[in-house]
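Below: input.csv (CSV, C-alpha atoms)
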chain,number,residue,atom,x,y,z
V,1,MET,CA,-171.6,73.6,-66.1
V,2,SER,CA,-173.9,74.8,-63.4
V,3,GLU,CA,-175.9,72.8,-61.0
V,4,THR,CA,-179.1,73.9,-59.1
V,5,ILE,CA,-179.6,72.2,-55.7
V,6,VAL,CA,-182.8,72.6,-53.7
V,7,VAL,CA,-182.6,72.2,-49.9
V,8,THR,CA,-186.1,71.1,-48.9
V,9,SER,CA,-188.0,69.1,-46.2
V,10,GLY,CA,-191.7,69.6,-46.0
V,11,LYS,CA,-191.6,70.2,-42.3
V,12,GLY,CA,-190.4,73.4,-40.8
V,13,GLY,CA,-187.7,73.8,-38.2
V,14,VAL,CA,-185.6,70.8,-39.3
V,15,GLY,CA,-182.6,72.8,-40.4
V,16,LYS,CA,-183.1,73.8,-44.1
V,17,THR,CA,-181.7,77.3,-43.8
V,18,THR,CA,-178.9,76.1,-41.5
V,19,THR,CA,-178.1,73.5,-44.2
V,20,SER,CA,-178.4,75.9,-47.1
V,21,ALA,CA,-176.0,78.4,-45.5
V,22,SER,CA,-173.5,75.7,-44.7
V,23,LEU,CA,-173.8,74.0,-48.1
V,24,ALA,CA,-173.4,77.3,-50.0
V,25,THR,CA,-170.5,78.3,-47.8
V,26,GLY,CA,-168.8,74.9,-48.0
V,27,LEU,CA,-169.0,74.8,-51.8
V,28,ALA,CA,-167.6,78.3,-51.9
V,29,MET,CA,-164.7,77.2,-49.6
V,30,LEU,CA,-163.9,74.6,-52.3
V,31,GLY,CA,-163.5,77.5,-54.8
V,32,LYS,CA,-166.8,77.2,-56.5
V,33,LYS,CA,-168.8,80.2,-57.5
V,34,VAL,CA,-172.1,79.9,-55.5
V,35,ALA,CA,-175.4,81.7,-55.2
V,36,VAL,CA,-177.8,80.9,-52.4
V,37,ILE,CA,-181.4,82.0,-52.8
V,38,ASP,CA,-184.0,82.3,-50.1
V,39,PHE,CA,-187.4,81.2,-51.4
V,40,ASP,CA,-189.2,81.9,-48.2
V,41,VAL,CA,-191.0,85.1,-49.3
V,42,GLY,CA,-192.5,86.9,-46.3
V,43,LEU,CA,-190.4,85.0,-43.8
V,44,ARG,CA,-186.8,85.5,-44.8
V,45,ASN,CA,-184.1,84.2,-42.6
V,46,LEU,CA,-181.2,83.0,-44.7
V,47,ASP,CA,-179.8,86.6,-44.5
V,48,LEU,CA,-179.6,86.3,-40.7
V,49,ILE,CA,-178.0,82.9,-40.8
V,50,MET,CA,-175.5,84.1,-43.4
V,51,GLY,CA,-174.9,87.3,-41.3
V,52,CYS,CA,-175.8,89.8,-44.1
V,53,GLU,CA,-179.2,91.0,-42.8
V,54,ARG,CA,-178.2,94.6,-42.7
V,55,ARG,CA,-176.9,94.6,-46.3
V,56,VAL,CA,-180.2,93.6,-48.0
V,57,VAL,CA,-181.3,96.4,-50.3
V,58,TYR,CA,-183.0,94.6,-53.1
V,59,ASP,CA,-184.4,91.0,-53.0
V,60,PHE,CA,-185.4,88.1,-55.1
V,61,VAL,CA,-188.9,89.4,-55.7
V,62,ASN,CA,-187.5,92.8,-56.8
V,63,VAL,CA,-185.5,91.0,-59.4
V,64,ILE,CA,-188.4,88.9,-60.6
V,65,HIS,CA,-190.6,92.0,-61.0
V,66,GLN,CA,-187.7,93.8,-62.7
V,67,GLU,CA,-187.5,96.5,-60.1
V,68,ALA,CA,-183.8,95.8,-59.6
V,69,THR,CA,-181.1,93.9,-61.6
V,70,LEU,CA,-179.7,90.6,-60.4
V,71,LYS,CA,-176.4,92.3,-59.9
V,72,GLN,CA,-177.9,94.9,-57.6
V,73,ALA,CA,-179.7,92.3,-55.5
V,74,LEU,CA,-176.9,89.7,-55.1
V,75,ILE,CA,-175.2,90.3,-51.7
V,76,ARG,CA,-171.5,89.3,-51.7
V,77,ASP,CA,-170.5,87.3,-48.7
V,78,LYS,CA,-168.1,89.0,-46.3
V,79,ARG,CA,-165.9,85.9,-46.0
V,80,HIS,CA,-165.9,84.5,-49.5
V,81,ASP,CA,-166.0,86.7,-52.5
V,82,ASN,CA,-167.2,83.8,-54.7
V,83,LEU,CA,-170.3,83.4,-52.6
V,84,TYR,CA,-173.5,85.5,-53.1
V,85,VAL,CA,-176.8,85.6,-51.2
V,86,LEU,CA,-180.2,86.5,-52.8
V,87,ALA,CA,-182.5,87.4,-50.0
V,88,ALA,CA,-186.3,86.8,-50.0
V,89,SER,CA,-188.6,89.7,-49.8
V,90,GLN,CA,-189.9,90.4,-46.4
V,91,THR,CA,-193.1,92.3,-47.4
V,92,ARG,CA,-194.8,90.5,-50.2
V,93,ASP,CA,-196.8,87.3,-50.1
V,94,LYS,CA,-195.8,84.0,-51.7
V,95,ASP,CA,-197.7,84.8,-54.9
V,96,ALA,CA,-195.0,87.3,-55.7
V,97,LEU,CA,-192.9,84.4,-57.1
V,98,THR,CA,-193.7,83.3,-60.6
V,99,GLN,CA,-192.4,80.3,-62.5
V,100,ASP,CA,-191.2,82.4,-65.4
V,101,GLY,CA,-189.5,84.8,-63.1
V,102,VAL,CA,-187.7,82.1,-61.1
V,103,GLN,CA,-186.5,80.5,-64.3
V,104,ARG,CA,-185.2,83.8,-65.6
V,105,VAL,CA,-183.2,84.5,-62.5
V,106,LEU,CA,-181.8,80.9,-62.5
V,107,ASP,CA,-180.9,81.2,-66.2
V,108,GLU,CA,-179.2,84.6,-65.6
V,109,LEU,CA,-177.1,83.1,-62.7
V,110,LYS,CA,-176.0,80.2,-64.9
V,111,ALA,CA,-175.1,82.6,-67.7
V,112,ASP,CA,-173.0,84.6,-65.1
V,113,GLY,CA,-170.9,81.5,-64.5
V,114,PHE,CA,-172.2,80.4,-61.2
V,115,ASP,CA,-171.2,76.7,-60.5
V,116,TYR,CA,-173.8,76.1,-57.9
V,117,ILE,CA,-177.2,77.6,-57.2
V,118,VAL,CA,-178.5,76.6,-53.8
V,119,CYS,CA,-182.3,77.1,-53.4
V,120,ASP,CA,-183.4,77.3,-49.8
V,121,SER,CA,-187.0,76.1,-49.8
V,122,PRO,CA,-189.7,77.3,-47.3
V,123,ALA,CA,-191.5,74.7,-45.3
V,124,GLY,CA,-194.8,73.3,-46.6
V,125,ILE,CA,-195.8,72.3,-50.1
V,126,GLU,CA,-197.1,75.7,-51.3
V,127,LYS,CA,-195.9,77.8,-54.1
V,128,GLY,CA,-192.6,78.9,-52.6
V,129,ALA,CA,-191.6,75.3,-51.9
V,130,PHE,CA,-192.9,74.1,-55.3
V,131,LEU,CA,-190.9,76.8,-57.2
V,132,ALA,CA,-187.7,76.1,-55.1
V,133,MET,CA,-187.7,72.5,-56.2
V,134,TYR,CA,-189.2,72.9,-59.7
V,135,PHE,CA,-186.0,73.7,-61.6
V,136,ALA,CA,-183.6,71.7,-59.4
V,137,ASP,CA,-181.0,69.3,-60.8
V,138,ARG,CA,-180.6,67.6,-57.4
V,139,ALA,CA,-182.4,67.8,-54.0
V,140,LEU,CA,-181.1,67.7,-50.5
V,141,VAL,CA,-183.9,66.5,-48.3
V,142,VAL,CA,-183.3,67.5,-44.7
V,143,VAL,CA,-184.9,65.2,-42.2
V,144,ASN,CA,-184.9,64.9,-38.4
V,145,PRO,CA,-185.1,61.5,-36.7
V,146,GLU,CA,-188.7,62.1,-35.7
V,147,VAL,CA,-192.0,60.8,-37.0
V,148,SER,CA,-193.6,63.9,-38.5
V,149,SER,CA,-190.4,65.0,-40.2
V,150,VAL,CA,-189.8,61.5,-41.8
V,151,ARG,CA,-193.4,61.4,-43.0
V,152,ASP,CA,-193.2,64.9,-44.6
V,153,SER,CA,-189.9,64.0,-46.2
V,154,ASP,CA,-191.6,61.1,-47.9
V,155,ARG,CA,-194.2,63.4,-49.2
V,156,ILE,CA,-191.5,65.8,-50.5
V,157,LEU,CA,-189.7,62.9,-52.2
V,158,GLY,CA,-193.0,62.1,-54.0
V,159,LEU,CA,-193.3,65.7,-55.2
V,160,LEU,CA,-189.7,65.7,-56.4
V,161,SER,CA,-190.4,62.7,-58.5
V,162,SER,CA,-193.7,64.0,-59.9
V,163,LYS,CA,-194.1,67.8,-59.8
V,164,THR,CA,-190.7,69.1,-61.1
V,165,ARG,CA,-189.4,70.0,-64.5
V,166,LYS,CA,-187.2,66.9,-64.6
V,167,ALA,CA,-190.4,64.8,-63.9
V,168,GLU,CA,-192.5,66.5,-66.5
V,169,SER,CA,-189.8,66.2,-69.1
V,170,GLY,CA,-189.6,62.5,-68.5
V,171,GLU,CA,-186.2,62.4,-66.8
V,172,GLY,CA,-187.6,60.6,-63.9
V,173,GLY,CA,-187.8,63.3,-61.3
V,174,VAL,CA,-185.1,65.1,-59.3
V,175,PRO,CA,-182.5,62.8,-57.8
V,176,ALA,CA,-182.6,63.3,-54.0
V,177,HIS,CA,-180.2,62.9,-51.1
V,178,LEU,CA,-181.2,62.5,-47.5
V,179,LEU,CA,-179.5,64.7,-44.9
V,180,LEU,CA,-180.2,63.6,-41.3
V,181,THR,CA,-179.9,66.5,-38.9
V,182,ARG,CA,-180.4,67.0,-35.2
V,183,TYR,CA,-179.1,63.5,-34.7
V,184,ASN,CA,-178.5,62.5,-31.1
V,185,PRO,CA,-176.5,59.2,-30.9
V,186,ALA,CA,-177.0,58.7,-27.2
V,187,ARG,CA,-180.8,58.9,-27.6
V,188,VAL,CA,-180.6,56.5,-30.5
V,189,GLU,CA,-178.6,54.0,-28.5
V,190,SER,CA,-181.1,54.1,-25.7
V,191,GLY,CA,-184.0,53.4,-28.1
V,192,GLN,CA,-185.6,56.9,-27.8
V,193,MET,CA,-184.8,58.2,-31.2
V,194,LEU,CA,-184.9,56.7,-34.8
V,195,GLY,CA,-181.5,55.7,-36.0
V,196,ILE,CA,-179.9,56.2,-39.3
V,197,GLN,CA,-180.9,52.8,-40.6
V,198,ASP,CA,-184.5,53.3,-39.5
V,199,VAL,CA,-184.8,56.5,-41.5
V,200,GLU,CA,-183.1,55.0,-44.5
V,201,GLU,CA,-185.3,52.0,-44.4
V,202,VAL,CA,-188.6,53.9,-44.1
V,203,LEU,CA,-187.7,56.4,-46.9
V,204,GLY,CA,-185.8,53.9,-49.1
V,205,LEU,CA,-182.8,56.2,-49.5
V,206,PRO,CA,-179.3,56.3,-48.1
V,207,VAL,CA,-178.2,59.3,-46.1
V,208,VAL,CA,-175.6,61.6,-47.6
V,209,GLY,CA,-174.7,63.0,-44.2
V,210,VAL,CA,-175.6,62.9,-40.6
V,211,ILE,CA,-175.4,66.2,-38.6
V,212,PRO,CA,-175.3,65.7,-34.9
V,213,GLU,CA,-177.5,67.8,-32.6
V,214,HIS,CA,-175.1,70.3,-31.1
V,215,GLU,CA,-175.1,73.6,-29.3
V,216,SER,CA,-172.6,75.0,-31.9
V,217,VAL,CA,-175.5,75.2,-34.4
V,218,LEU,CA,-177.3,77.7,-32.2
V,219,THR,CA,-174.1,79.6,-31.4
V,220,ALA,CA,-173.4,79.9,-35.1
V,221,SER,CA,-176.8,81.2,-35.9
V,222,ASN,CA,-176.6,83.7,-33.0
V,223,GLN,CA,-173.6,85.2,-34.7
V,224,GLY,CA,-174.6,84.9,-38.3
V,225,VAL,CA,-171.7,82.6,-39.1
V,226,PRO,CA,-172.6,79.4,-41.0
V,227,VAL,CA,-171.8,76.5,-38.6
V,228,ILE,CA,-169.5,74.9,-41.3
V,229,LEU,CA,-167.0,77.7,-40.6
V,230,ASP,CA,-166.7,76.5,-36.9
V,231,ASP,CA,-163.7,74.2,-37.1
V,232,GLY,CA,-164.3,73.0,-33.6
V,233,SER,CA,-167.9,72.0,-34.2
V,234,ASN,CA,-168.8,68.4,-34.9
V,235,ALA,CA,-171.9,69.7,-36.7
V,236,GLY,CA,-169.7,71.9,-38.9
V,237,GLN,CA,-167.3,69.0,-39.6
V,238,ALA,CA,-170.3,66.8,-40.5
V,239,TYR,CA,-171.4,69.4,-43.0
V,240,VAL,CA,-167.9,69.4,-44.6
V,241,ASP,CA,-168.1,65.6,-44.9
V,242,ALA,CA,-171.7,65.7,-46.4
V,243,ILE,CA,-170.6,68.2,-49.0
V,244,ALA,CA,-167.6,66.1,-50.0
V,245,ARG,CA,-170.0,63.1,-50.5
V,246,LEU,CA,-172.4,65.2,-52.5
V,247,LEU,CA,-169.5,65.9,-54.8
V,248,GLY,CA,-168.8,62.2,-55.2
V,249,GLU,CA,-166.2,61.6,-52.6
V,250,GLU,CA,-166.5,58.6,-50.2
V,251,ARG,CA,-166.1,59.4,-46.6
V,252,PRO,CA,-167.1,57.3,-43.5
V,253,LEU,CA,-169.8,58.8,-41.2
V,254,ARG,CA,-168.5,60.6,-38.1
V,255,PHE,CA,-170.1,61.6,-34.8
V,256,THR,CA,-172.8,59.0,-35.1
V,257,GLU,CA,-171.9,57.1,-32.0
V,258,ALA,CA,-172.4,58.3,-28.4
V,259,PRO,CA,-169.2,58.8,-26.3
V,260,LYS,CA,-168.9,55.8,-24.0
V,261,LYS,CA,-169.7,56.6,-20.4
V,262,GLY,CA,-167.8,54.9,-17.6
V,263,LEU,CA,-169.7,52.8,-15.0
V,264,PHE,CA,-169.2,55.5,-12.4
V,265,LYS,CA,-170.8,58.1,-14.5
V,266,ARG,CA,-173.7,55.9,-15.4
V,267,MET,CA,-174.4,55.2,-11.7
V,268,PHE,CA,-173.8,58.5,-10.1
V,269,GLY,CA,-175.1,61.1,-12.6
V,270,SER,CA,-174.2,62.4,-16.0
D,271,MET,CA,-179.0,59.7,-13.9
D,272,GLY,CA,-178.8,58.3,-10.4
D,273,ILE,CA,-178.3,54.9,-9.0
D,274,LEU,CA,-182.0,54.1,-8.9
D,275,ASP,CA,-182.4,54.8,-12.6
D,276,PHE,CA,-179.4,52.7,-13.3
D,277,LEU,CA,-180.9,49.8,-11.4
D,278,LYS,CA,-184.3,50.1,-13.1
D,279,SER,CA,-185.0,48.3,-16.3
D,280,ARG,CA,-184.1,50.0,-19.6
D,281,PRO,CA,-186.5,52.6,-20.9
D,282,LYS,CA,-189.1,51.5,-23.4
D,283,ASN,CA,-187.9,51.4,-27.0
D,284,THR,CA,-190.1,54.1,-28.4
D,285,ALA,CA,-187.9,54.4,-31.6
D,286,ALA,CA,-189.1,50.9,-32.6
D,287,ILE,CA,-192.7,52.0,-32.2
D,288,ALA,CA,-192.0,55.1,-34.3
D,289,LYS,CA,-190.4,53.1,-37.0
D,290,GLU,CA,-193.2,50.6,-37.2
D,291,ARG,CA,-195.9,53.4,-37.4
D,292,LEU,CA,-193.9,55.2,-40.1
D,293,ARG,CA,-193.4,52.1,-42.1
D,294,ILE,CA,-197.2,51.5,-42.3
D,295,ILE,CA,-198.3,55.1,-42.9
D,296,VAL,CA,-195.6,55.8,-45.5
D,297,ALA,CA,-196.4,52.6,-47.4
D,298,GLN,CA,-200.1,53.6,-47.3
D,299,GLU,CA,-199.5,57.1,-48.4
D,300,ARG,CA,-197.2,56.0,-51.2
D,301,SER,CA,-199.9,53.7,-52.7
D,302,SER,CA,-202.6,56.3,-52.4
D,303,ARG,CA,-200.4,59.0,-54.0
D,304,ALA,CA,-200.2,57.0,-57.2
D,305,SER,CA,-203.9,56.2,-57.3
D,306,PRO,CA,-206.8,58.3,-58.7
D,307,ASP,CA,-208.5,60.9,-56.5
D,308,TYR,CA,-211.9,59.1,-56.5
D,309,LEU,CA,-210.7,56.0,-54.6
D,310,PRO,CA,-211.5,57.3,-51.1
D,311,LEU,CA,-215.0,58.2,-52.0
D,312,LEU,CA,-215.5,55.0,-54.0
D,313,ARG,CA,-214.4,53.1,-50.9
D,314,THR,CA,-216.8,54.9,-48.6
D,315,GLU,CA,-219.7,54.3,-51.0
D,316,LEU,CA,-218.9,50.7,-51.5
D,317,LEU,CA,-218.8,50.3,-47.7
D,318,ALA,CA,-222.3,51.6,-47.5
D,319,VAL,CA,-223.5,49.1,-50.1
D,320,ILE,CA,-221.7,46.2,-48.5
D,321,ARG,CA,-223.0,47.1,-45.1
D,322,LYS,CA,-226.6,46.5,-46.2
D,323,TYR,CA,-225.7,42.8,-46.3
D,324,VAL,CA,-222.7,42.3,-44.0
D,325,HIS,CA,-221.3,44.4,-41.2
D,326,VAL,CA,-217.7,45.3,-42.0
D,327,ASP,CA,-215.4,48.1,-41.0
D,328,LEU,CA,-213.9,50.6,-43.4
D,329,GLU,CA,-210.5,49.0,-42.7
D,330,ALA,CA,-211.8,45.7,-44.0
D,331,ILE,CA,-212.1,47.2,-47.5
D,332,ASN,CA,-208.9,47.4,-49.5
D,333,ILE,CA,-209.1,49.1,-52.8
D,334,GLN,CA,-206.3,50.0,-55.2
D,335,VAL,CA,-205.5,50.5,-58.8
D,336,GLU,CA,-202.6,48.5,-60.2
D,337,ARG,CA,-201.0,48.8,-63.5
D,338,ASP,CA,-200.8,45.6,-65.5
D,339,GLY,CA,-199.0,46.2,-68.8
D,340,GLU,CA,-201.3,48.6,-70.7
D,341,HIS,CA,-204.3,48.0,-68.5
D,342,GLU,CA,-205.2,49.4,-65.1
D,343,VAL,CA,-206.8,47.0,-62.8
D,344,LEU,CA,-209.1,48.1,-60.0
D,345,GLU,CA,-208.5,45.6,-57.2
D,346,LEU,CA,-211.1,45.4,-54.5
D,347,SER,CA,-210.9,43.1,-51.5
D,348,VAL,CA,-213.3,42.9,-48.6
D,349,ALA,CA,-212.4,40.9,-45.5
D,350,LEU,CA,-215.6,39.5,-44.2
D,351,PRO,CA,-216.1,39.1,-40.4
D,352,GLU,CA,-215.6,35.6,-39.1
D,353,HIS,CA,-218.6,33.4,-39.8
D,354,LYS,CA,-220.7,32.7,-36.7
D,355,PRO,CA,-222.5,29.4,-36.6
D,356,GLY,CA,-226.2,29.9,-37.1
D,357,GLY,CA,-225.8,33.5,-38.3
D,358,GLY,CA,-226.8,34.5,-41.7
D,359,ALA,CA,-226.7,37.8,-43.6
D,360,ALA,CA,-228.2,40.6,-41.5
Encoded form using structure tokens:
Amino acid sequence: MSETIVVTSGKGGVGKTTTSASLATGLAMLGKKVAVIDFDVGLRNLDLIMGCERRVVYDFVNVIHQEATLKQALIRDKRHDNLYVLAASQTRDKDALTQDGVQRVLDELKADGFDYIVCDSPAGIEKGAFLAMYFADRALVVVNPEVSSVRDSDRILGLLSSKTRKAESGEGGVPAHLLLTRYNPARVESGQMLGIQDVEEVLGLPVVGVIPEHESVLTASNQGVPVILDDGSNAGQAYVDAIARLLGEERPLRFTEAPKKGLFKRMFGS
Amino acid sequence: MGILDFLKSRPKNTAAIAKERLRIIVAQERSSRASPDYLPLLRTELLAVIRKYVHVDLEAINIQVERDGEHEVLELSVALPEHKPGGGAA
């Protein structure tokens, strides 16, 4: 049984690719056979975050246009041999993706015994984003505690429930999970940032995970190592928890409260 | 953070403002998402007609399509300005 999960958000820069890389890697760490596909044709970045940018020979669009086989285009991860990356094309425009082509690639991956197919959506609501979500079984909607991101997420939630195969076939749309990223508990506590409950209330969905804003995310992307592989990183550990919850496990939220500052620190500088 | 900041009152709770603004705009966008495309234009044209008789703002006109069993009901409500004594229709 294979499952297709789209990582989407509407707004750019909220952490879709970071999340896709960690989600795919985390699932592979659990022994699943995983493919992660970059749908951002023309602006590929998943390869950089996964650290395989110099090994891209053929890409998603080549496979769709039958210029390469899927086997040729799948890049095996250096760290996990049950994890594969399918890079986006860097040269073609977004119209290079077709609905039939995407379906063919997904079907072939399923036939090859992949347990999970993670679709890394581009920002926006254009063709790439539409095709990334169209065939999904589930969606992970990445949202930042910030007004424009929350509003765009609501728009995406609307599209998931109306413009997908599951919606068109009368299955009631793609079930969605919220992943709150770039969360800063200290700013939430001082009333400068929307809290978990605020976002949940506005969007009417519970969060499946909360990833704290942390320098380790940048350090990880600098090195091309998904942050979930950084054992010492709160953000990485929060991804581990979120994936466990996606698979049905119950885990309490961590890293969602600011460390307490002593009176001395509060008075004389941080 | 220095001693002065510490002594000053707490910063404004901008998160609460953000939440309230989002609550309103998201509710509005959800209802318009489910409704037919012609509603905004219908609203503007209705406003023009109503304004021949009473002066109201665009915000005073609320228009939506609701599903009631097998029927769709076009619901229109216009909040008229408060009645001024001695004033009639313009």
I want to know what sits within 7 Å of V:Leu179, based on all atoms listed in the file, with residues of the same chain fewer than 3 positions away left out; could you give that as a short mmCIF file (atom, residue, chain, number, x, y, z; two decimals) with C-alpha atoms, keeping the file's coordinate frame?
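Generated file (result.cif):
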data_model
loop_
_atom_site.label_atom_id
_atom_site.label_comp_id
_atom_site.auth_asym_id
_atom_site.auth_seq_id
_atom_site.Cartn_x
_atom_site.Cartn_y
_atom_site.Cartn_z
CA LEU V 140 -181.10 67.70 -50.50
CA VAL V 141 -183.90 66.50 -48.30
CA VAL V 142 -183.30 67.50 -44.70
CA VAL V 143 -184.90 65.20 -42.20
CA VAL V 207 -178.20 59.30 -46.10
CA VAL V 208 -175.60 61.60 -47.60
CA GLY V 209 -174.70 63.00 -44.20
CA VAL V 210 -175.60 62.90 -40.60
#
Between V:Asp77, V:Glu257, V:Glu250, V:Glu189, single out the one closest to chain D, counting all atoms listed in the file.
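Comparing V:Asp77, V:Glu257, V:Glu250, V:Glu189 against chain D, the winner is V:Glu189.
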10 Å contact set for D:Ala297, all atoms listed in the file, chain neighbours under 6 positions out, as a VMD selection string:
chain V and resid 154 202 to 203
Nearby residues, (-177.1, 81.9, -59.6) file frame, 12 Å, all atoms listed in the file, as JSON, numbers by chain
{"V": [1, 2, 3, 4, 5, 24, 32, 33, 34, 35, 36, 37, 38, 60, 70, 71, 73, 74, 75, 82, 83, 84, 85, 86, 102, 103, 104, 105, 106, 107, 108, 109, 110, 111, 112, 113, 114, 115, 116, 117, 118, 119]}
Just to confirm, what's the straight-line distance from atom CA of D:Leu346 to atom CA of D:Leu328 in Å (one decimal)?
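That distance, rounded to one decimal, is 12.6 Å.
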With distances taken over only C-alpha atoms, which residue among V:Ala235, V:Ile125, V:Met193, V:Leu46 lies nearest chain D?
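Looking only at the distances to chain D, the closest residue turns out to be V:Met193.
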Because the input lacks atoms here, generate N, CA and C atoms for stretch 197-221 of chain V and report them as a compact mmCIF listing (two decimals), in the coordinates of the input.
# COMPACT_ATOMS: atom_id res chain seq x y z
N GLN V 197 -180.31 53.91 -39.82
CA GLN V 197 -180.90 52.80 -40.60
C GLN V 197 -182.39 52.85 -40.66
N ASP V 198 -182.99 53.19 -39.52
CA ASP V 198 -184.50 53.30 -39.50
C ASP V 198 -184.97 54.24 -40.50
N VAL V 199 -184.38 55.44 -40.52
CA VAL V 199 -184.80 56.50 -41.50
C VAL V 199 -184.55 56.05 -42.89
N GLU V 200 -183.39 55.47 -43.11
CA GLU V 200 -183.10 55.00 -44.50
C GLU V 200 -184.04 53.95 -44.95
N GLU V 201 -184.40 53.05 -44.05
CA GLU V 201 -185.30 52.00 -44.40
C GLU V 201 -186.70 52.48 -44.74
N VAL V 202 -187.20 53.38 -43.89
CA VAL V 202 -188.60 53.90 -44.10
C VAL V 202 -188.62 54.68 -45.41
N LEU V 203 -187.60 55.50 -45.67
CA LEU V 203 -187.70 56.40 -46.90
C LEU V 203 -187.05 55.72 -48.10
N GLY V 204 -186.36 54.61 -47.91
CA GLY V 204 -185.80 53.90 -49.10
C GLY V 204 -184.66 54.64 -49.74
N LEU V 205 -183.94 55.44 -48.99
CA LEU V 205 -182.80 56.20 -49.50
C LEU V 205 -181.67 56.20 -48.53
N PRO V 206 -180.42 56.16 -49.02
CA PRO V 206 -179.30 56.30 -48.10
C PRO V 206 -179.07 57.72 -47.66
N VAL V 207 -178.49 57.94 -46.49
CA VAL V 207 -178.20 59.30 -46.10
C VAL V 207 -176.87 59.74 -46.73
N VAL V 208 -176.80 61.04 -47.06
CA VAL V 208 -175.60 61.60 -47.60
C VAL V 208 -174.74 62.23 -46.51
N GLY V 209 -175.38 62.38 -45.36
CA GLY V 209 -174.70 63.00 -44.20
C GLY V 209 -175.56 62.90 -42.98
N VAL V 210 -174.91 62.93 -41.83
CA VAL V 210 -175.60 62.90 -40.60
C VAL V 210 -175.04 64.07 -39.73
N ILE V 211 -175.87 65.06 -39.40
CA ILE V 211 -175.40 66.20 -38.60
C ILE V 211 -175.83 66.02 -37.19
N PRO V 212 -174.89 65.92 -36.27
CA PRO V 212 -175.30 65.70 -34.90
C PRO V 212 -175.95 66.96 -34.29
N GLU V 213 -176.88 66.72 -33.36
CA GLU V 213 -177.50 67.80 -32.60
C GLU V 213 -176.41 68.43 -31.76
N HIS V 214 -176.18 69.72 -31.90
CA HIS V 214 -175.10 70.30 -31.10
C HIS V 214 -175.32 71.76 -30.86
N GLU V 215 -174.86 72.21 -29.69
CA GLU V 215 -175.10 73.60 -29.30
C GLU V 215 -174.38 74.58 -30.28
N SER V 216 -173.36 74.10 -31.00
CA SER V 216 -172.60 75.00 -31.90
C SER V 216 -173.52 75.51 -33.04
N VAL V 217 -174.61 74.77 -33.36
CA VAL V 217 -175.50 75.20 -34.40
C VAL V 217 -176.21 76.52 -33.98
N LEU V 218 -176.64 76.54 -32.72
CA LEU V 218 -177.30 77.70 -32.20
C LEU V 218 -176.28 78.88 -32.04
N THR V 219 -175.10 78.55 -31.53
CA THR V 219 -174.10 79.60 -31.40
C THR V 219 -173.75 80.22 -32.73
N ALA V 220 -173.69 79.39 -33.76
CA ALA V 220 -173.40 79.90 -35.10
C ALA V 220 -174.48 80.81 -35.59
N SER V 221 -175.74 80.39 -35.42
CA SER V 221 -176.80 81.20 -35.90
C SER V 221 -176.94 82.50 -35.11
